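Structure first, then comments.
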Amino acid sequence: MEDKLNKKRLYLFLAIVFIISWSLVAIIPLSGNKYGSQISLVILSVLMLIPALSSILTRIITKEGFKNMYLEPRFKKNIKYYLIAYFMTNIFIILGSVVFFMIFPKTLDLNLSIFGESLKSNGITIDVKTIFIAQLLQGILIGPVINIIFTLGEELGWRGYLLQKLSKECSIQKSIIISGVIWGIWHGPVIAMGHNYGTGYIGAPWLGIFAMIVFCIVVGSYLSYLVIKTKSVIPCAIAHSAINAFASIGVCLYKGTANPFIGPSPTGIIGGSIFIIVGIYCYIKSGKINKPFEEELVVYKKGEIK
């Protein structure tokens, strides 16, 4: 009975999150707008809140209640994971860019000429290196929390609900892979409109969607491990926020037009090489944790919000 109920909640969550999300994204082309327009940016921001909303609606419809939401910070004994999420995520991005520029040294532009031209085209005349340093510091110090509300909106759904439900159906490693694939497919419509990879590449948009699925599996392994170890979605929301805020820092140093499938941003196979290593490590470590969500299901009392 419990297994059937878990599957019902799992399928209902997926139905709600995809119907609402893709319907919302459809507003952009149907309203005559394109990716990058003001209305599209607003819609994409709201889109990040839909997984959390879908989790809440599923809980209400199936009378599950609001237990096991993993919203409690649980700082005690988990400080190191908060530090990893807050600082190491940015370091992974920086190291990925370093690897990229070591392989393609001729693309490194320490004078920030392309970045400077972009600033001038937007009417910004402040010294380009000053702007870059300011963005670098902001990304490191503020980036992990600058859009925490929106990344919590995703993580409450993907890692806080979907991963938990999947882990009752199969092993945690399979759950990480499946949730990563679902997360990547969820991005499909915005990838098709040009998010992350643009539109003018061979194999568009399917190659971009495939690349996003791979990226979501890799990064999802890292984010899932943070949730499993801390029993909280807050550290992975911090890491997610850091990625969103800091991912393009390497592009500022790139000479020419960067290839998002290669790097230096972490969405590229070389720019994201460190995340690939970290993701594999977290995937292996997660597999050694027996019943990662079982303790939570036993400890929480009926109707208790966590």
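Naming scheme: A, B, ... for chains in displayed order of the structure tokens; residues 1 onward per chain; ligands 1 onward as shown.
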Contacts of stretch 69-176 of chain A with stretch 222-229 of chain A up to 7 Å, shortest pair per row, only C-alpha atoms, as a Markdown table:
| residue | atom | partner | partner_atom | distance |
| --- | --- | --- | --- | --- |
| A:Tyr81 | CA | A:Leu226 | CA | 6.7 |
| A:Arg159 | CA | A:Ser224 | CA | 6.1 |
| A:Ile176 | CA | A:Ser224 | CA | 6.9 |
Would you mind exporting the chosen residues as a compact mmCIF listing (two decimals), in the first residue's frame, restricted to all heavy atoms?
# COMPACT_ATOMS: atom_id res chain seq x y z
N TYR A 81 29.95 21.01 5.46
CA TYR A 81 29.20 20.91 4.21
C TYR A 81 28.66 22.26 3.77
O TYR A 81 28.56 22.53 2.57
CB TYR A 81 28.07 19.89 4.36
CG TYR A 81 28.59 18.49 4.56
CD1 TYR A 81 28.51 17.86 5.80
CD2 TYR A 81 29.20 17.79 3.52
CE1 TYR A 81 29.00 16.58 6.00
CE2 TYR A 81 29.70 16.51 3.71
CZ TYR A 81 29.60 15.91 4.95
OH TYR A 81 30.12 14.65 5.14
N ARG A 159 15.68 17.79 -5.09
CA ARG A 159 16.41 17.01 -4.10
C ARG A 159 15.58 16.76 -2.83
O ARG A 159 15.72 15.71 -2.19
CB ARG A 159 17.71 17.73 -3.73
CG ARG A 159 18.97 17.11 -4.28
CD ARG A 159 19.04 17.08 -5.78
NE ARG A 159 19.02 18.41 -6.40
CZ ARG A 159 19.11 18.63 -7.70
NH1 ARG A 159 19.19 17.61 -8.54
NH2 ARG A 159 19.10 19.86 -8.18
N ILE A 176 19.76 9.17 -8.03
CA ILE A 176 20.54 10.36 -8.40
C ILE A 176 20.58 10.51 -9.92
O ILE A 176 20.39 11.61 -10.45
CB ILE A 176 21.96 10.28 -7.81
CG1 ILE A 176 21.91 10.46 -6.29
CG2 ILE A 176 22.88 11.34 -8.45
CD1 ILE A 176 23.23 10.21 -5.59
With 9 Å as the cut-off and only C-alpha atoms counted, what is the closest atom pair between each nearby residue of stretch 131-239 of chain A and stretch 83-94 of chain A? Distances in Å to one decimal, ordered by chain and number, as a Markdown table.
| residue | atom | partner | partner_atom | distance |
| --- | --- | --- | --- | --- |
| A:Gly139 | CA | A:Asn90 | CA | 7.9 |
| A:Ile140 | CA | A:Asn90 | CA | 6.4 |
| A:Leu141 | CA | A:Phe87 | CA | 8.2 |
| A:Gly143 | CA | A:Tyr86 | CA | 8.6 |
| A:Pro144 | CA | A:Tyr86 | CA | 5.7 |
| A:Val145 | CA | A:Tyr86 | CA | 8.4 |
| A:Leu223 | CA | A:Ala85 | CA | 8.7 |
| A:Leu226 | CA | A:Ala85 | CA | 7.9 |
| A:Pro235 | CA | A:Ala85 | CA | 5.8 |
| A:Cys236 | CA | A:Ala85 | CA | 6.6 |
| A:Ala237 | CA | A:Ala85 | CA | 8.5 |
| A:Ile238 | CA | A:Ala85 | CA | 6.0 |
| A:Ala239 | CA | A:Ala85 | CA | 4.6 |
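With only C-alpha atoms as the basis for measurement, A:Leu136 is the residue among A:Leu136, A:Leu41, A:Ala258, A:Ala26 that approaches A:Ala245 most closely.
The space between atom CA of A:Thr199 and atom CA of A:Trp22 spans 18.8 Å.
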Fill in: Long-range neighbours of stretch 267-284 of chain A as a PyMOL selection string, 9 Å cut-off, only C-alpha atoms, 6 positions minimum in chain
chain A and resi 89+92-101+103+172-173+176-177+196-197+211-212+215+217-226+247+250+259-261
Keeping only N, CA and C atoms, write those residues as a tab-separated table (two decimals), in the first residue's frame.
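Output (part32.tsv):
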chain	number	residue	atom	x	y	z
A	89	THR	N	32.20	25.39	-4.11
A	89	THR	CA	31.48	25.38	-5.39
A	89	THR	C	32.10	26.37	-6.36
A	92	PHE	N	35.44	25.13	-7.57
A	92	PHE	CA	35.30	24.12	-8.63
A	92	PHE	C	35.16	24.81	-9.99
A	93	ILE	N	34.39	25.90	-10.02
A	93	ILE	CA	34.18	26.65	-11.26
A	93	ILE	C	35.48	27.30	-11.71
A	94	ILE	N	36.19	27.90	-10.76
A	94	ILE	CA	37.47	28.57	-11.08
A	94	ILE	C	38.48	27.55	-11.59
A	95	LEU	N	38.59	26.41	-10.92
A	95	LEU	CA	39.55	25.38	-11.33
A	95	LEU	C	39.21	24.82	-12.70
A	96	GLY	N	37.91	24.70	-12.99
A	96	GLY	CA	37.49	24.24	-14.31
A	96	GLY	C	37.94	25.21	-15.39
A	97	SER	N	37.84	26.52	-15.09
A	97	SER	CA	38.29	27.54	-16.05
A	97	SER	C	39.80	27.49	-16.22
A	98	VAL	N	40.51	27.24	-15.12
A	98	VAL	CA	41.97	27.13	-15.17
A	98	VAL	C	42.38	25.96	-16.07
A	99	VAL	N	41.72	24.83	-15.90
A	99	VAL	CA	42.01	23.66	-16.74
A	99	VAL	C	41.77	24.01	-18.21
A	100	PHE	N	40.67	24.70	-18.48
A	100	PHE	CA	40.34	25.07	-19.85
A	100	PHE	C	41.42	25.96	-20.45
A	101	PHE	N	41.83	27.00	-19.73
A	101	PHE	CA	42.81	27.93	-20.27
A	101	PHE	C	44.21	27.33	-20.34
A	103	ILE	N	44.62	24.26	-21.37
A	103	ILE	CA	44.54	23.49	-22.61
A	103	ILE	C	44.46	24.42	-23.82
A	172	ILE	N	19.92	4.56	-4.13
A	172	ILE	CA	20.17	6.00	-4.12
A	172	ILE	C	20.97	6.42	-5.34
A	173	GLN	N	21.87	5.56	-5.82
A	173	GLN	CA	22.65	5.92	-7.01
A	173	GLN	C	21.77	5.99	-8.25
A	176	ILE	N	19.76	9.17	-8.03
A	176	ILE	CA	20.54	10.36	-8.40
A	176	ILE	C	20.58	10.51	-9.92
A	177	ILE	N	20.81	9.39	-10.62
A	177	ILE	CA	20.86	9.44	-12.09
A	177	ILE	C	19.50	9.82	-12.66
A	196	ASN	N	21.87	28.79	-22.07
A	196	ASN	CA	23.17	28.13	-21.87
A	196	ASN	C	23.96	27.84	-23.15
A	197	TYR	N	23.32	27.31	-24.19
A	197	TYR	CA	24.06	26.85	-25.36
A	197	TYR	C	23.78	27.64	-26.64
A	211	ALA	N	23.36	17.74	-23.61
A	211	ALA	CA	24.46	18.29	-22.80
A	211	ALA	C	23.94	18.76	-21.44
A	212	MET	N	22.74	19.33	-21.44
A	212	MET	CA	22.16	19.80	-20.18
A	212	MET	C	21.81	18.64	-19.27
A	215	PHE	N	25.02	17.54	-17.73
A	215	PHE	CA	25.40	18.54	-16.72
A	215	PHE	C	24.57	18.37	-15.46
A	217	ILE	N	23.07	15.65	-14.35
A	217	ILE	CA	23.43	14.42	-13.65
A	217	ILE	C	24.69	14.65	-12.82
A	218	VAL	N	25.68	15.30	-13.43
A	218	VAL	CA	26.95	15.55	-12.74
A	218	VAL	C	26.76	16.49	-11.55
A	219	VAL	N	26.17	17.64	-11.79
A	219	VAL	CA	25.95	18.61	-10.72
A	219	VAL	C	24.93	18.07	-9.72
A	220	GLY	N	23.93	17.34	-10.23
A	220	GLY	CA	22.92	16.77	-9.35
A	220	GLY	C	23.51	15.77	-8.37
A	221	SER	N	24.56	15.06	-8.78
A	221	SER	CA	25.23	14.11	-7.88
A	221	SER	C	25.86	14.86	-6.70
A	222	TYR	N	26.46	15.99	-7.00
A	222	TYR	CA	27.08	16.84	-5.97
A	222	TYR	C	26.02	17.41	-5.04
A	223	LEU	N	24.95	17.95	-5.60
A	223	LEU	CA	23.89	18.55	-4.80
A	223	LEU	C	23.16	17.48	-3.98
A	224	SER	N	22.95	16.32	-4.56
A	224	SER	CA	22.28	15.22	-3.85
A	224	SER	C	23.10	14.77	-2.65
A	225	TYR	N	24.39	14.71	-2.83
A	225	TYR	CA	25.27	14.28	-1.73
A	225	TYR	C	25.18	15.26	-0.56
A	226	LEU	N	25.10	16.55	-0.88
A	226	LEU	CA	24.96	17.55	0.19
A	226	LEU	C	23.67	17.35	0.98
A	247	ALA	N	28.90	31.04	-12.73
A	247	ALA	CA	29.23	30.15	-13.85
A	247	ALA	C	29.92	30.85	-15.01
A	250	GLY	N	34.50	32.68	-16.08
A	250	GLY	CA	35.58	32.33	-17.00
A	250	GLY	C	35.38	32.92	-18.38
A	259	ASN	N	32.73	28.54	-26.73
A	259	ASN	CA	31.90	27.40	-27.09
A	259	ASN	C	31.36	26.79	-25.80
A	260	PRO	N	30.06	26.96	-25.52
A	260	PRO	CA	29.50	26.49	-24.25
A	260	PRO	C	29.56	24.99	-24.07
A	261	PHE	N	29.78	24.24	-25.16
A	261	PHE	CA	29.89	22.79	-25.05
A	261	PHE	C	31.27	22.36	-24.58
Item to complete: Please identify all polymer residues within 7 Å of stretch 5-15 of chain A, counting only C-alpha atoms, omitting same-chain residues fewer than 2 positions from it, and present them as a ChimeraX atom specification.
Response: /A:1-3,17-19,54-55,58,62,162,165
Item to complete: Determine which residues of stretch 84-208 of chain A DSSP labels as helix (DSSP H, G or I) from the backbone of this structure, then write them out as an MDAnalysis selection string.
Response: chainID A and resid 84:103 105:107 113:121 128:141 143:146 148:166 172:186 188:192 206:208
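One distance worth recording is that between atom CA of A:Ile114 and atom CA of A:Gly256, which is 7.0 Å.
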Practice prompt. To one decimal in Å, tell me the separation between atom CA of A:Leu207 and atom CA of A:Ile243.
Written response: 21.6 Å
Response to the item:
Judged by only C-alpha atoms, the minimum distance to A:Leu44 among A:Val190, A:Leu137, A:Ile182, A:Ile16 is found for A:Val190
Discussion item. Could you list, as a VMD selection string, every residue within 8 Å of A:Ile209, counting only C-alpha atoms and ignoring same-chain residues fewer than 2 positions away?
Written reply: chain A and resid 184 to 185 187 to 188 191 to 192 205 to 207 211 to 213
